Amino acid sequence: MKSRQRKARTVRISRDEIVNRTWPQATRAALQVVVGAPQDLGMHEPLDTPLVVGRGDEANFRISDDSASRLHLWVGWDDTEDGYVCRDMDSTNGTYVNGERVCGQLVLTHGDRIEIGETLFEFRIADDKEIENQEKIEAWLSTDELTGLPNKRRFDAELRRRVQNLAPQGAWIAVLMLDLDNLKAINDQHGHHMGSRTIREVGQIIGEIVAGKGLGTRFGGDEYTVFLVGHNLEDGLEVGEQIRASVEDLQLEKDGVVVRTTISVGVVAAPCEALDPEWLCREADKALYRAKAKGRNRVSE
């Protein structure tokens, strides 16, 4: 990166003030990730309110970039400049705009490139229609089309991030692997359209149950994965049983015929300290096989 500094008005402001201060909206603007981790590409946030960018949970524009600070960059409207500005938040590796390091604050113009760590953002002034289109593109890039759950790429990145951030706290995390028990029979008897509908409805059940607790994704085919933040094994088994019972109660109707399904669930949980997320998923998969071996439609550890 270049070390040449761009002239700017230096502003002395505390980190707490940067994070908590709010500014009025002036014009429609947004930040979009154009280079970065695969799971971050296309991420797009309107600047209707100020954005704090970083890899920490405190950031309201969170990225999966280990070279970024937890709270790295502030972007928002500044009345004194009558425009949008960016400020580095005492980050370890600095913030660069169009290749030049930010000292104090810089006024942004349409098309400016903002670099933090290995991530490159573009600052854009756009109308509502363009903002809406960008949000649709981001949703398309990050969502499983059939179920509406986050796709596996986003899920894996979020699981890694959560394990890393929770490790210093000694917090627990639970992972569930889930698999429908009779999808082939549904496909054979009622057609693949009903099979797809079953996958979609079960995905929606999973999303509703884990909302606020963690995240779920479609692992592939008729298999799903869930992680639950701050959940030990007992908590994970309880959520697994809630999902199992809800799926068992699900009734789908086609041409007057009621179609039902069941699901098997494997659960594992461990403290996040020195934990490998891939190990968690492998162990949860083994637990799922034990649930299948015990007769299906059950939850196993």
# chains A, B, ... in the order shown; residues from 1 in each chain; ligands from 1
call {"tool": "residues_around", "arguments": {"residues": "segment 141-152 of chain A", "least_positions_apart": "4", "cutoff": "9 Å", "atoms": "only C-alpha atoms", "output": "count of residues only"}}
result
26
call {"tool": "select_by_dssp", "arguments": {"residues": "segment 52-275 of chain A", "states": "strand (DSSP E or B)", "output": "JSON, numbers by chain"}}
result
{"A": [52, 53, 54, 61, 62, 73, 74, 75, 76, 77, 78, 83, 84, 85, 86, 87, 88, 95, 96, 97, 100, 101, 105, 106, 107, 113, 114, 115, 116, 119, 120, 121, 122, 123, 124, 125, 143, 150, 172, 173, 174, 175, 176, 177, 178, 179, 180, 214, 215, 216, 217, 218, 219, 220, 223, 224, 225, 226, 227, 228, 229, 252, 253, 254, 257, 258, 259, 263, 264, 265, 266, 267, 268, 269, 270, 271]}
call {"tool": "closest_residue", "arguments": {"among": "A:Ala30, A:Ala59, A:Val265, A:Met177", "to": "Leu108 of chain A", "atoms": "only C-alpha atoms"}}
result
A:Ala30
call {"tool": "residues_around", "arguments": {"residues": "Gly94 of chain A", "least_positions_apart": "5", "cutoff": "8 Å", "atoms": "only C-alpha atoms", "output": "list of chain:residue names"}}
result
A:His72, A:Asp88, A:Arg101, A:Val102, A:Ile116, A:Gly117
call {"tool": "atom_distance", "arguments": {"atom1": "atom CA of Leu275 of chain A", "atom2": "atom CA of Asp179 of chain A"}}
result
24.4 Å
call {"tool": "residues_around", "arguments": {"residues": "Val85 of chain A", "least_positions_apart": "4", "cutoff": "10 Å", "atoms": "only C-alpha atoms", "output": "NGL selection string"}}
result
:A and (50 or 74-79 or 81 or 105-109)
call {"tool": "residues_around", "arguments": {"residues": "Arg282 of chain A", "least_positions_apart": "5", "cutoff": "10 Å", "atoms": "only C-alpha atoms", "output": "number ranges by chain"}}
result
A: 175, 177, 268, 277, 287-288
call {"tool": "write_last_selection", "arguments": {"atoms": "N, CA and C atoms", "output": "PDB file, in the first residue's frame"}}
result
ATOM      1  N   VAL A 175     -23.696 -27.215  17.047  1.00  0.00           N
ATOM      2  CA  VAL A 175     -23.931 -27.401  15.617  1.00  0.00           C
ATOM      3  C   VAL A 175     -24.865 -28.590  15.432  1.00  0.00           C
ATOM      4  N   MET A 177     -26.734 -31.107  12.490  1.00  0.00           N
ATOM      5  CA  MET A 177     -26.883 -31.594  11.118  1.00  0.00           C
ATOM      6  C   MET A 177     -28.243 -32.263  11.038  1.00  0.00           C
ATOM      7  N   VAL A 268     -23.962 -31.638  18.260  1.00  0.00           N
ATOM      8  CA  VAL A 268     -22.706 -31.605  18.999  1.00  0.00           C
ATOM      9  C   VAL A 268     -22.522 -30.194  19.530  1.00  0.00           C
ATOM     10  N   PRO A 277     -14.093 -25.247  13.425  1.00  0.00           N
ATOM     11  CA  PRO A 277     -15.471 -25.353  12.967  1.00  0.00           C
ATOM     12  C   PRO A 277     -15.731 -26.597  12.122  1.00  0.00           C
ATOM     13  N   ALA A 287     -23.221 -37.690  14.568  1.00  0.00           N
ATOM     14  CA  ALA A 287     -24.410 -37.783  15.430  1.00  0.00           C
ATOM     15  C   ALA A 287     -25.668 -37.977  14.589  1.00  0.00           C
ATOM     16  N   LEU A 288     -25.715 -37.351  13.414  1.00  0.00           N
ATOM     17  CA  LEU A 288     -26.856 -37.537  12.517  1.00  0.00           C
ATOM     18  C   LEU A 288     -26.967 -38.992  12.072  1.00  0.00           C
TER      19      LEU A 288
END
call {"tool": "atom_distance", "arguments": {"atom1": "atom CA of Ile63 of chain A", "atom2": "atom CA of Glu158 of chain A"}}
result
9.7 Å
call {"tool": "closest_residue", "arguments": {"among": "A:Ala270, A:Ala291, A:Leu120, A:Leu73", "to": "Cys103 of chain A", "atoms": "only C-alpha atoms"}}
result
A:Leu73
call {"tool": "closest_residue", "arguments": {"among": "A:Leu47, A:Ala68, A:Ile114, A:Ala126", "to": "Tyr84 of chain A", "atoms": "only C-alpha atoms"}}
result
A:Leu47
call {"tool": "residues_around", "arguments": {"residues": "Ser67 of chain A", "least_positions_apart": "5", "cutoff": "10 Å", "atoms": "only C-alpha atoms", "output": "ChimeraX atom specification"}}
result
/A:54-55,91-93,116-119
call {"tool": "residues_around", "arguments": {"residues": "Asp181 of chain A", "least_positions_apart": "3", "cutoff": "9 Å", "atoms": "only C-alpha atoms", "output": "ChimeraX atom specification"}}
result
/A:184,222,261-264,292,296-297
call {"tool": "closest_residue", "arguments": {"among": "A:Val239, A:Asp188, A:Leu228, A:Glu283", "to": "Ile209 of chain A", "atoms": "only C-alpha atoms"}}
result
A:Val239
